[in-house]
2 protein chains.
Amino acid sequence: MRRLAIVGLGLIGSSIARGARQYGLADTIVAIDADAGVRDRVRALGLADHVTGDAAEGVAEADLVILCVPVGAVGAVAAAIEGRMKPGSVLSDVGSVKGSVVAAVAPVLSAGVAFVPGHPVAGTEYSGPDSGFSTLFSGRWCILTPPEGTDEAAVATVRRLWEGLGAIVETMTPEHHDLVLAITSHVPHLIAYNIVGTAADLEAVTQSEVIKFSAGGFRDFTRIAASDPTMWRDVFLTNKDAVLEMLGRFNEDLAALARAIRWGDGEALHDLFTRTRAIRRGIVAMGQETAEPDFGRGRPAPAAPRNDP
Amino acid sequence: MRRLAIVGLGLIGSSIARGARQYGLADTIVAIDADAGVRDRVRALGLADHVTGDAAEGVAEADLVILCVPVGAVGAVAAAIEGRMKPGSVLSDVGSVKGSVVAAVAPVLSAGVAFVPGHPVAGTEYSGPDSGFSTLFSGRWCILTPPEGTDEAAVATVRRLWEGLGAIVETMTPEHHDLVLAITSHVPHLIAYNIVGTAADLEAVTQSEVIKFSAGGFRDFTRIAASDPTMWRDVFLTNKDAVLEMLGRFNEDLAALARAIRWGDGEALHDLFTRTRAIRRGIVAMGQETAEPDFGRGRPAPAAPRNDP
């Protein structure tokens with residue numbers, strides 16, 4: 001690829017820029033961001049060959065333009081570059097929701113430009129151009145949801161980028177993507193945000209107690225509840241149906257579990273708690289998780305105990 | 001301390017044994033476990049000076065006996081050693097629920113023996129004598145819930161053990177402990193078990209898809225949903241009231257969140273998602289969590305990308 005333009009240099013966009021540079025996936029990298037502070041960081045970090053705030057100017061001449069903005073902003077950016085991409089070029093994105101992105105981009109897609117929606121299933125709780133790294137996508141899945149009849153060569157261009165970044169590419173429909181991600185990502189984030197909010201609002205338990213005793217399990221939830229608020233607001237607003245459907249299932253199951261606790265049904269609890277171990281084994285076996293205890297957080301360094309004789 | 005007896009050599013019990021040995025906290029360590037397989041591992045690992053399956057024999061002559069069995073089993077073990085501990089010795093435990101443990105032990109506590117209930121807020125998702133390590137408690141809190149009027153010297157003995165293992169000791173009532181842990185540990189485990197169960201039971205999304213795309217957030221939940229089933233069954237059965245109370249709060253908040261999604265209230269979502277970041281910052285600042293992205297799971301090693309030129 002000669003020229004790659006990335007719109008939005010946050011965690012994902014800056015990781016693509018770093019990986020494309022490191023693995024030689026594009027001759028020229030153009031970084032486009034509406035935020036002057038982000039552009040300054042991108043320049044300071046040397047992430048791109050050209051840095052601009054003008055999307056229409058930045059995408060001209062690009063072979064591939066990849067939108068790395070919150071899903072709620074994809075439509076506006078696509079409209080801003082309408083008619084500015086060259087014929088035969090490819091537009092893609094990295095949004096966590098695909099149905100709404102397809103609907104937002106279709107009406108403003110320039111003639112001669114193919115749209116190949118994508119979603120790399122990878123991330124951390126940190127945001128911004130400084131938080132990216134070139135191996136973020138290594139060994140992770142990237143889902144493409146090209147509409148039927150999309151130019152094969154365009155799909156291949158996007159696939160090559162992701163495979164070049166170390167990802168494993170799979171294709172499915174936008175509808176199925178949104179259902180799968182609702183359970184593997186969106187509802188987990190929702191309940192993590194929720195329990196952290198619940199804990200913060202208690203009167204009987206102080207915030208200081210919640211923090212001190214968080215090693216009992218709570219702290220695991222705070223990691224994903226520290227993710228970017230704008231990105232996640234947009235996810236829930238744009239994948240409403242699938243999220244509410246999966247949340248309904250979650251709530252039904254939780255009600256059954258609460259009932260088992262109330263009535264002292266130890267067998268039902270033990271059965272579920274045994275069954276759930278198999279899923280984790282599958283995730284570890286497929287290389288999507290470390291088998292190290294505590295996520296390999298690192299065992300605390302052996303401190304000198306206060307009463308060590 | 002001359003003689004420390006540990007009943008139950010799982011993750012917690014074996015970590016105490018390793019730490020007591022490493023930091024020189026007891027002259028003699030006695031390991032008591034009803035499971036012959038566990039005893040064999042304890043001998044092979046050299047975790048104790050004496051290993052026995054007979055609790056009544058093992059606790060005789062001990063200055064401190066610490067019960068490291070699931071909370072549902074504490075009463076039976078306490079009954080089995082009734083009258084076998086020497087006068088002036090101290091009994092303690094490590095159960096995740098304190099109200100039920102106090103109620104179970106009180107009727108079978110021998111005259112002249114002080115009971116100092118305890119709970120180290122630390123652990124991993126692994127179980128058994130091989131999974132323990134001497135620094136498990138380093139920098140973590142240990143909560144003691146001595147009944148009013150408990151002999152100060154007995155409390156000091158237990159405090160010394162935990163401080164010797166590197167823990168920070170705090171005391172509170174059993175009732176308050178059970179409320180605090182319901183929100184910081186028990187409900188988080190419950191909803192983690194629940195969502196993993198929900199995901200496993202879907203028809204529209206295959207188990208293989210759940211596993212592949214788990215890096216979107218789901219996998220974080222599977223860690224605590226891989227914890228010991230018997231231990232957790234007992235926690236929910238014995239801390240029923242506090243768990244159902246906190247779960248009620250969680251459900252109320254989740255219903256409000258679902259409503260915000262359904263009605264497109266982006267501001268309410270963004271507000272919550274911003275507020276929750278502060279709690280994580282507090283946990284990191286208090287040394288209860290790593291600030292490394294992704295828990296410091298370790299960034300994947302830079303694999304050679306398939307299209308690397």
# chains A, B, ... in the order shown; residues from 1 in each chain; ligands from 1
call {"tool": "residues_around", "arguments": {"residues": "B:Val30", "least_positions_apart": "2", "cutoff": "7 Å", "atoms": "only C-alpha atoms", "output": "ChimeraX atom specification"}}
result
/B:4-6,28,32,48-51,58
call {"tool": "write_last_selection", "arguments": {"atoms": "N, CA and C atoms", "output": "mmCIF file, in the first residue's frame"}}
result
data_model
loop_
_atom_site.group_PDB
_atom_site.id
_atom_site.type_symbol
_atom_site.label_atom_id
_atom_site.label_comp_id
_atom_site.auth_asym_id
_atom_site.auth_seq_id
_atom_site.Cartn_x
_atom_site.Cartn_y
_atom_site.Cartn_z
ATOM 1 N N LEU B 4 2.344 -23.614 65.006
ATOM 2 C CA LEU B 4 1.214 -23.128 64.202
ATOM 3 C C LEU B 4 0.583 -24.323 63.489
ATOM 4 N N ALA B 5 -0.725 -24.509 63.671
ATOM 5 C CA ALA B 5 -1.419 -25.598 62.971
ATOM 6 C C ALA B 5 -2.368 -25.001 61.937
ATOM 7 N N ILE B 6 -2.278 -25.493 60.711
ATOM 8 C CA ILE B 6 -3.112 -24.997 59.618
ATOM 9 C C ILE B 6 -4.033 -26.131 59.175
ATOM 10 N N THR B 28 7.412 -24.459 64.544
ATOM 11 C CA THR B 28 6.926 -25.713 63.988
ATOM 12 C C THR B 28 5.607 -25.459 63.260
ATOM 13 N N ILE B 32 -2.764 -29.907 58.486
ATOM 14 C CA ILE B 32 -3.845 -30.872 58.698
ATOM 15 C C ILE B 32 -4.774 -30.808 57.499
ATOM 16 N N ALA B 48 5.396 -28.308 55.535
ATOM 17 C CA ALA B 48 5.162 -28.351 56.987
ATOM 18 C C ALA B 48 6.112 -29.320 57.665
ATOM 19 N N ASP B 49 6.206 -29.193 58.991
ATOM 20 C CA ASP B 49 7.057 -30.109 59.769
ATOM 21 C C ASP B 49 6.318 -31.405 60.087
ATOM 22 N N HIS B 50 4.986 -31.273 60.297
ATOM 23 C CA HIS B 50 4.168 -32.459 60.535
ATOM 24 C C HIS B 50 2.951 -32.385 59.642
ATOM 25 N N VAL B 51 2.558 -33.507 59.069
ATOM 26 C CA VAL B 51 1.395 -33.563 58.199
ATOM 27 C C VAL B 51 0.484 -34.665 58.703
ATOM 28 N N GLY B 58 -3.682 -33.157 65.394
ATOM 29 C CA GLY B 58 -2.837 -32.087 64.848
ATOM 30 C C GLY B 58 -2.877 -30.778 65.625
#
call {"tool": "residues_around", "arguments": {"residues": "A:Ser100", "least_positions_apart": "3", "cutoff": "8 Å", "atoms": "only C-alpha atoms", "output": "ChimeraX atom specification"}}
result
/A:71,97,103-104,238-239
call {"tool": "closest_atom_pairs", "arguments": {"of": "stretch 217-307 of chain A", "to": "stretch 166-185 of chain A", "cutoff": "9 Å", "atoms": "only C-alpha atoms", "output": "tab-separated table"}}
result
residue	atom	partner	partner_atom	distance
A:Asn239	CA	A:Asp178	CA	6.8
A:Asp241	CA	A:Leu179	CA	8.9
A:Ala242	CA	A:Leu179	CA	5.4
A:Val243	CA	A:Ala182	CA	5.2
A:Leu244	CA	A:Ala182	CA	8.7
A:Glu245	CA	A:Ala182	CA	8.7
A:Met246	CA	A:Ile183	CA	6.2
A:Leu247	CA	A:Ile183	CA	8.3
call {"tool": "closest_residue", "arguments": {"among": "B:Gly264, B:Arg275, B:Ala255, B:Glu163", "to": "A:Ala199", "atoms": "only C-alpha atoms"}}
result
B:Arg275
call {"tool": "residues_around", "arguments": {"residues": "A:Tyr126", "least_positions_apart": "4", "cutoff": "9 Å", "atoms": "only C-alpha atoms", "output": "number ranges by chain"}}
result
A: 11, 130-132, 226-228; B: 293-294
call {"tool": "select_by_dssp", "arguments": {"residues": "stretch 82-203 of chain A", "states": "helix (DSSP H, G or I)", "output": "PyMOL selection string"}}
result
chain A and resi 99-108+129-131+152-164+174-200
call {"tool": "residues_around", "arguments": {"residues": "A:Ile224", "least_positions_apart": "4", "cutoff": "9 Å", "atoms": "only C-alpha atoms", "output": "PyMOL selection string"}}
result
(chain A and resi 124-125+188-189+192-193+220) or (chain B and resi 217+220+294)
call {"tool": "write_last_selection", "arguments": {"atoms": "N, CA, C and O atoms", "output": "PDB file, in the first residue's frame"}}
result
ATOM      1  N   THR A 124      -7.141  -1.672  25.456  1.00  0.00           N
ATOM      2  CA  THR A 124      -6.793  -1.610  26.869  1.00  0.00           C
ATOM      3  C   THR A 124      -7.700  -0.541  27.471  1.00  0.00           C
ATOM      4  O   THR A 124      -8.503   0.065  26.752  1.00  0.00           O
ATOM      5  N   GLU A 125      -7.568  -0.276  28.751  1.00  0.00           N
ATOM      6  CA  GLU A 125      -8.405   0.724  29.400  1.00  0.00           C
ATOM      7  C   GLU A 125      -7.870   2.136  29.175  1.00  0.00           C
ATOM      8  O   GLU A 125      -8.474   3.089  29.655  1.00  0.00           O
ATOM      9  N   PRO A 188     -20.615  -7.028  29.171  1.00  0.00           N
ATOM     10  CA  PRO A 188     -19.583  -7.024  30.217  1.00  0.00           C
ATOM     11  C   PRO A 188     -19.165  -5.608  30.633  1.00  0.00           C
ATOM     12  O   PRO A 188     -19.021  -5.326  31.830  1.00  0.00           O
ATOM     13  N   HIS A 189     -18.990  -4.710  29.677  1.00  0.00           N
ATOM     14  CA  HIS A 189     -18.653  -3.338  30.042  1.00  0.00           C
ATOM     15  C   HIS A 189     -19.796  -2.691  30.827  1.00  0.00           C
ATOM     16  O   HIS A 189     -19.570  -2.005  31.818  1.00  0.00           O
ATOM     17  N   ALA A 192     -19.875  -3.947  34.351  1.00  0.00           N
ATOM     18  CA  ALA A 192     -18.701  -3.454  35.087  1.00  0.00           C
ATOM     19  C   ALA A 192     -18.905  -1.994  35.485  1.00  0.00           C
ATOM     20  O   ALA A 192     -18.696  -1.622  36.646  1.00  0.00           O
ATOM     21  N   TYR A 193     -19.319  -1.175  34.532  1.00  0.00           N
ATOM     22  CA  TYR A 193     -19.620   0.223  34.858  1.00  0.00           C
ATOM     23  C   TYR A 193     -20.673   0.273  35.964  1.00  0.00           C
ATOM     24  O   TYR A 193     -20.595   1.070  36.904  1.00  0.00           O
ATOM     25  N   ASP A 220     -11.116  -6.172  39.487  1.00  0.00           N
ATOM     26  CA  ASP A 220     -11.113  -6.667  38.104  1.00  0.00           C
ATOM     27  C   ASP A 220     -12.119  -5.902  37.243  1.00  0.00           C
ATOM     28  O   ASP A 220     -11.905  -5.706  36.048  1.00  0.00           O
TER      29      ASP A 220
ATOM     30  N   GLY B 217     -13.585  -7.830  26.447  1.00  0.00           N
ATOM     31  CA  GLY B 217     -13.975  -7.501  27.816  1.00  0.00           C
ATOM     32  C   GLY B 217     -14.403  -8.734  28.605  1.00  0.00           C
ATOM     33  O   GLY B 217     -14.104  -8.876  29.781  1.00  0.00           O
ATOM     34  N   ASP B 220     -12.108 -10.881  31.089  1.00  0.00           N
ATOM     35  CA  ASP B 220     -11.809 -10.402  32.440  1.00  0.00           C
ATOM     36  C   ASP B 220     -12.714 -11.060  33.478  1.00  0.00           C
ATOM     37  O   ASP B 220     -12.305 -11.287  34.620  1.00  0.00           O
ATOM     38  N   ASP B 294      -4.206  -3.346  30.746  1.00  0.00           N
ATOM     39  CA  ASP B 294      -4.559  -4.760  30.634  1.00  0.00           C
ATOM     40  C   ASP B 294      -4.071  -5.563  31.828  1.00  0.00           C
ATOM     41  O   ASP B 294      -3.737  -6.745  31.681  1.00  0.00           O
TER      42      ASP B 294
END
call {"tool": "atom_distance", "arguments": {"atom1": "atom CA of A:Leu9", "atom2": "atom CA of A:Pro129"}}
result
5.4 Å
call {"tool": "select_by_dssp", "arguments": {"residues": "stretch 10-258 of chain A", "states": "strand (DSSP E or B)", "output": "JSON, numbers by chain"}}
result
{"A": [28, 29, 30, 31, 32, 50, 51, 52, 64, 65, 66, 67, 90, 91, 92, 93, 114, 115, 116, 118, 119, 120, 141, 142, 143, 144, 168, 169, 170, 171]}
call {"tool": "write_last_selection", "arguments": {"atoms": "C-alpha atoms", "output": "mmCIF file, in the first residue's frame"}}
result
data_model
loop_
_atom_site.group_PDB
_atom_site.id
_atom_site.type_symbol
_atom_site.label_atom_id
_atom_site.label_comp_id
_atom_site.auth_asym_id
_atom_site.auth_seq_id
_atom_site.Cartn_x
_atom_site.Cartn_y
_atom_site.Cartn_z
ATOM 1 C CA THR A 28 3.228 6.940 3.618
ATOM 2 C CA ILE A 29 1.103 7.321 6.751
ATOM 3 C CA VAL A 30 -1.257 10.293 7.067
ATOM 4 C CA ALA A 31 -2.638 11.102 10.536
ATOM 5 C CA ILE A 32 -5.848 13.123 10.677
ATOM 6 C CA HIS A 50 1.850 13.895 7.458
ATOM 7 C CA VAL A 51 -0.355 15.241 10.233
ATOM 8 C CA THR A 52 -3.427 17.361 9.558
ATOM 9 C CA LEU A 64 -6.981 3.190 2.325
ATOM 10 C CA VAL A 65 -8.703 5.476 4.812
ATOM 11 C CA ILE A 66 -9.480 3.988 8.197
ATOM 12 C CA LEU A 67 -11.825 5.776 10.583
ATOM 13 C CA VAL A 90 -11.041 1.855 0.166
ATOM 14 C CA LEU A 91 -12.724 3.190 3.276
ATOM 15 C CA SER A 92 -12.786 1.180 6.507
ATOM 16 C CA ASP A 93 -13.344 1.741 10.214
ATOM 17 C CA ALA A 114 -15.531 0.641 -1.453
ATOM 18 C CA PHE A 115 -16.518 0.516 2.222
ATOM 19 C CA VAL A 116 -15.221 -2.457 4.229
ATOM 20 C CA GLY A 118 -13.986 -3.648 10.411
ATOM 21 C CA HIS A 119 -13.581 -4.162 14.135
ATOM 22 C CA PRO A 120 -10.353 -5.292 15.785
ATOM 23 C CA TRP A 141 -9.281 -11.280 16.039
ATOM 24 C CA CYS A 142 -10.373 -8.591 13.600
ATOM 25 C CA ILE A 143 -13.911 -8.912 12.251
ATOM 26 C CA LEU A 144 -14.787 -7.531 8.801
ATOM 27 C CA ILE A 168 -6.596 -13.051 12.612
ATOM 28 C CA VAL A 169 -9.334 -11.916 10.218
ATOM 29 C CA GLU A 170 -12.872 -13.298 10.196
ATOM 30 C CA THR A 171 -15.891 -12.040 8.248
#
call {"tool": "residues_around", "arguments": {"residues": "B:Lys212", "least_positions_apart": "2", "cutoff": "8 Å", "atoms": "only C-alpha atoms", "output": "list in words"}}
result
Trp141, Ile283, Met286 and Gln288 of chain A; Ser208, Glu209, Val210, Ser214 and Ala215 of chain B
call {"tool": "residues_around", "arguments": {"residues": "B:Arg41", "least_positions_apart": "3", "cutoff": "10 Å", "atoms": "only C-alpha atoms", "output": "mmCIF file with C-alpha atoms, in the first residue's frame"}}
result
data_model
loop_
_atom_site.group_PDB
_atom_site.id
_atom_site.type_symbol
_atom_site.label_atom_id
_atom_site.label_comp_id
_atom_site.auth_asym_id
_atom_site.auth_seq_id
_atom_site.Cartn_x
_atom_site.Cartn_y
_atom_site.Cartn_z
ATOM 1 C CA LEU B 9 -3.887 -26.688 52.698
ATOM 2 C CA ALA B 36 -4.888 -37.816 51.391
ATOM 3 C CA GLY B 37 -3.958 -36.437 47.966
ATOM 4 C CA VAL B 38 -3.466 -32.981 49.433
ATOM 5 C CA ALA B 44 6.254 -33.477 48.531
ATOM 6 C CA LEU B 45 6.390 -29.677 48.606
ATOM 7 C CA GLY B 46 7.866 -29.691 52.111
ATOM 8 C CA LEU B 47 5.336 -27.171 53.362
ATOM 9 C CA GLY B 128 -4.975 -26.423 45.968
ATOM 10 C CA PRO B 129 -1.628 -26.747 47.770
ATOM 11 C CA ASP B 130 0.428 -26.190 44.609
#
call {"tool": "atom_distance", "arguments": {"atom1": "atom CA of B:Gly197", "atom2": "atom CA of B:Glu252"}}
result
21.4 Å
call {"tool": "residues_around", "arguments": {"residues": "B:Leu272", "least_positions_apart": "6", "cutoff": "12 Å", "atoms": "only C-alpha atoms", "output": "ChimeraX atom specification"}}
result
/A:190-198,200-201,225-230,232-233 /B:253-254,256-257,260,265-266,278-279
call {"tool": "write_last_selection", "arguments": {"atoms": "N, CA, C and O atoms", "output": "compact mmCIF listing (two decimals), in the first residue's frame"}}
result
# COMPACT_ATOMS: atom_id res chain seq x y z
N LEU A 190 -21.02 -2.94 30.39
CA LEU A 190 -22.16 -2.32 31.06
C LEU A 190 -22.25 -2.76 32.52
O LEU A 190 -22.44 -1.92 33.41
N ILE A 191 -22.09 -4.04 32.78
CA ILE A 191 -22.23 -4.49 34.17
C ILE A 191 -21.01 -4.10 35.00
O ILE A 191 -21.12 -3.88 36.19
N ALA A 192 -19.88 -3.95 34.35
CA ALA A 192 -18.70 -3.45 35.09
C ALA A 192 -18.90 -1.99 35.49
O ALA A 192 -18.70 -1.62 36.65
N TYR A 193 -19.32 -1.17 34.53
CA TYR A 193 -19.62 0.22 34.86
C TYR A 193 -20.67 0.27 35.96
O TYR A 193 -20.60 1.07 36.90
N ASN A 194 -21.66 -0.59 35.85
CA ASN A 194 -22.77 -0.55 36.79
C ASN A 194 -22.35 -0.89 38.21
O ASN A 194 -22.70 -0.19 39.16
N ILE A 195 -21.56 -1.97 38.38
CA ILE A 195 -21.23 -2.35 39.75
C ILE A 195 -20.28 -1.35 40.38
O ILE A 195 -20.33 -1.08 41.59
N VAL A 196 -19.43 -0.74 39.57
CA VAL A 196 -18.54 0.28 40.13
C VAL A 196 -19.38 1.49 40.58
O VAL A 196 -19.14 2.06 41.64
N GLY A 197 -20.39 1.83 39.80
CA GLY A 197 -21.30 2.91 40.19
C GLY A 197 -22.08 2.57 41.45
O GLY A 197 -22.19 3.38 42.37
N THR A 198 -22.59 1.35 41.52
CA THR A 198 -23.33 0.91 42.71
C THR A 198 -22.46 1.02 43.96
O THR A 198 -22.88 1.55 44.99
N ALA A 200 -19.90 2.88 44.47
CA ALA A 200 -19.56 4.26 44.79
C ALA A 200 -20.69 4.97 45.53
O ALA A 200 -20.46 5.93 46.26
N ASP A 201 -21.91 4.49 45.34
CA ASP A 201 -23.08 5.19 45.87
C ASP A 201 -23.59 4.65 47.20
O ASP A 201 -24.57 5.15 47.73
N ALA A 225 -14.20 -0.66 33.53
CA ALA A 225 -15.02 0.51 33.84
C ALA A 225 -14.18 1.79 33.80
O ALA A 225 -14.68 2.86 34.14
N ALA A 226 -12.92 1.68 33.41
CA ALA A 226 -12.08 2.87 33.24
C ALA A 226 -11.88 3.19 31.76
O ALA A 226 -11.10 4.07 31.41
N SER A 227 -12.60 2.50 30.90
CA SER A 227 -12.47 2.71 29.46
C SER A 227 -13.06 4.05 29.04
O SER A 227 -13.76 4.70 29.81
N ASP A 228 -12.77 4.45 27.81
CA ASP A 228 -13.16 5.77 27.31
C ASP A 228 -14.68 6.01 27.34
O ASP A 228 -15.44 5.30 26.68
N PRO A 229 -15.15 7.01 28.08
CA PRO A 229 -16.60 7.23 28.25
C PRO A 229 -17.33 7.57 26.95
O PRO A 229 -18.46 7.10 26.74
N THR A 230 -16.73 8.34 26.08
CA THR A 230 -17.41 8.74 24.85
C THR A 230 -17.58 7.54 23.91
O THR A 230 -18.65 7.30 23.36
N TRP A 232 -17.75 4.47 24.74
CA TRP A 232 -18.71 3.50 25.26
C TRP A 232 -20.14 4.03 25.28
O TRP A 232 -21.09 3.28 25.06
N ARG A 233 -20.31 5.33 25.51
CA ARG A 233 -21.65 5.91 25.37
C ARG A 233 -22.17 5.61 23.96
O ARG A 233 -23.28 5.12 23.78
N ASP B 253 -29.76 -0.19 39.89
CA ASP B 253 -28.90 0.67 39.09
C ASP B 253 -28.85 0.18 37.64
O ASP B 253 -28.81 0.98 36.70
N LEU B 254 -28.84 -1.14 37.47
CA LEU B 254 -28.76 -1.70 36.12
C LEU B 254 -30.05 -1.41 35.34
O LEU B 254 -30.01 -1.15 34.13
N ALA B 256 -31.90 1.22 35.73
CA ALA B 256 -31.83 2.63 35.33
C ALA B 256 -30.92 2.80 34.11
O ALA B 256 -31.20 3.59 33.20
N LEU B 257 -29.85 2.02 34.09
CA LEU B 257 -28.90 2.09 32.98
C LEU B 257 -29.55 1.55 31.70
O LEU B 257 -29.39 2.13 30.60
N ALA B 260 -31.77 4.16 30.37
CA ALA B 260 -31.02 5.23 29.69
C ALA B 260 -30.63 4.79 28.28
O ALA B 260 -30.67 5.60 27.34
N ASP B 265 -30.44 8.17 26.42
CA ASP B 265 -29.94 9.23 27.31
C ASP B 265 -28.41 9.15 27.41
O ASP B 265 -27.85 8.61 28.37
N GLY B 266 -27.76 9.70 26.38
CA GLY B 266 -26.30 9.64 26.30
C GLY B 266 -25.60 10.35 27.45
O GLY B 266 -24.53 9.94 27.90
N ALA B 278 -12.73 7.30 38.54
CA ALA B 278 -12.11 7.79 39.78
C ALA B 278 -11.85 6.65 40.75
O ALA B 278 -10.83 6.62 41.45
N ILE B 279 -12.77 5.70 40.80
CA ILE B 279 -12.62 4.58 41.73
C ILE B 279 -11.37 3.77 41.37
O ILE B 279 -10.59 3.38 42.23
call {"tool": "closest_residue", "arguments": {"among": "B:Gly8, B:Gly164, B:Gly99, B:Gly149", "to": "B:Gln22", "atoms": "only C-alpha atoms"}}
result
B:Gly164
call {"tool": "decode", "arguments": {"residues": "stretch 161-174 of chain B", "atoms": "N, CA, C and O atoms", "output": "PDB file, in the first residue's frame"}}
result
ATOM      1  N   LEU B 161       0.781 -12.657  63.142  1.00  0.00           N
ATOM      2  CA  LEU B 161       0.925 -13.594  62.018  1.00  0.00           C
ATOM      3  C   LEU B 161       0.700 -12.876  60.698  1.00  0.00           C
ATOM      4  O   LEU B 161       1.501 -12.970  59.767  1.00  0.00           O
ATOM      5  N   TRP B 162      -0.397 -12.122  60.608  1.00  0.00           N
ATOM      6  CA  TRP B 162      -0.736 -11.480  59.331  1.00  0.00           C
ATOM      7  C   TRP B 162       0.235 -10.383  58.970  1.00  0.00           C
ATOM      8  O   TRP B 162       0.615 -10.224  57.806  1.00  0.00           O
ATOM      9  N   GLU B 163       0.660  -9.629  59.974  1.00  0.00           N
ATOM     10  CA  GLU B 163       1.651  -8.590  59.671  1.00  0.00           C
ATOM     11  C   GLU B 163       2.971  -9.231  59.259  1.00  0.00           C
ATOM     12  O   GLU B 163       3.671  -8.727  58.387  1.00  0.00           O
ATOM     13  N   GLY B 164       3.249 -10.365  59.874  1.00  0.00           N
ATOM     14  CA  GLY B 164       4.462 -11.100  59.486  1.00  0.00           C
ATOM     15  C   GLY B 164       4.399 -11.587  58.057  1.00  0.00           C
ATOM     16  O   GLY B 164       5.418 -11.722  57.370  1.00  0.00           O
ATOM     17  N   LEU B 165       3.192 -11.852  57.575  1.00  0.00           N
ATOM     18  CA  LEU B 165       3.001 -12.295  56.189  1.00  0.00           C
ATOM     19  C   LEU B 165       2.921 -11.099  55.231  1.00  0.00           C
ATOM     20  O   LEU B 165       2.719 -11.280  54.037  1.00  0.00           O
ATOM     21  N   GLY B 166       3.040  -9.891  55.777  1.00  0.00           N
ATOM     22  CA  GLY B 166       3.062  -8.696  54.924  1.00  0.00           C
ATOM     23  C   GLY B 166       1.729  -8.009  54.772  1.00  0.00           C
ATOM     24  O   GLY B 166       1.611  -7.037  54.019  1.00  0.00           O
ATOM     25  N   ALA B 167       0.696  -8.483  55.469  1.00  0.00           N
ATOM     26  CA  ALA B 167      -0.636  -7.899  55.317  1.00  0.00           C
ATOM     27  C   ALA B 167      -0.823  -6.675  56.215  1.00  0.00           C
ATOM     28  O   ALA B 167      -0.066  -6.457  57.158  1.00  0.00           O
ATOM     29  N   ILE B 168      -1.841  -5.889  55.881  1.00  0.00           N
ATOM     30  CA  ILE B 168      -2.241  -4.740  56.683  1.00  0.00           C
ATOM     31  C   ILE B 168      -3.506  -5.168  57.428  1.00  0.00           C
ATOM     32  O   ILE B 168      -4.476  -5.611  56.796  1.00  0.00           O
ATOM     33  N   VAL B 169      -3.513  -5.060  58.745  1.00  0.00           N
ATOM     34  CA  VAL B 169      -4.620  -5.602  59.535  1.00  0.00           C
ATOM     35  C   VAL B 169      -5.606  -4.507  59.919  1.00  0.00           C
ATOM     36  O   VAL B 169      -5.208  -3.420  60.338  1.00  0.00           O
ATOM     37  N   GLU B 170      -6.876  -4.803  59.755  1.00  0.00           N
ATOM     38  CA  GLU B 170      -7.929  -3.876  60.170  1.00  0.00           C
ATOM     39  C   GLU B 170      -8.984  -4.699  60.910  1.00  0.00           C
ATOM     40  O   GLU B 170      -9.205  -5.863  60.595  1.00  0.00           O
ATOM     41  N   THR B 171      -9.625  -4.090  61.912  1.00  0.00           N
ATOM     42  CA  THR B 171     -10.670  -4.835  62.625  1.00  0.00           C
ATOM     43  C   THR B 171     -12.023  -4.157  62.415  1.00  0.00           C
ATOM     44  O   THR B 171     -12.102  -2.937  62.254  1.00  0.00           O
ATOM     45  N   MET B 172     -13.074  -4.953  62.395  1.00  0.00           N
ATOM     46  CA  MET B 172     -14.446  -4.431  62.283  1.00  0.00           C
ATOM     47  C   MET B 172     -15.387  -5.507  62.799  1.00  0.00           C
ATOM     48  O   MET B 172     -14.953  -6.608  63.173  1.00  0.00           O
ATOM     49  N   THR B 173     -16.674  -5.225  62.842  1.00  0.00           N
ATOM     50  CA  THR B 173     -17.627  -6.243  63.299  1.00  0.00           C
ATOM     51  C   THR B 173     -17.876  -7.246  62.170  1.00  0.00           C
ATOM     52  O   THR B 173     -17.716  -6.917  60.996  1.00  0.00           O
ATOM     53  N   PRO B 174     -18.296  -8.461  62.546  1.00  0.00           N
ATOM     54  CA  PRO B 174     -18.617  -9.459  61.521  1.00  0.00           C
ATOM     55  C   PRO B 174     -19.702  -8.958  60.559  1.00  0.00           C
ATOM     56  O   PRO B 174     -19.629  -9.198  59.356  1.00  0.00           O
TER      57      PRO B 174
END
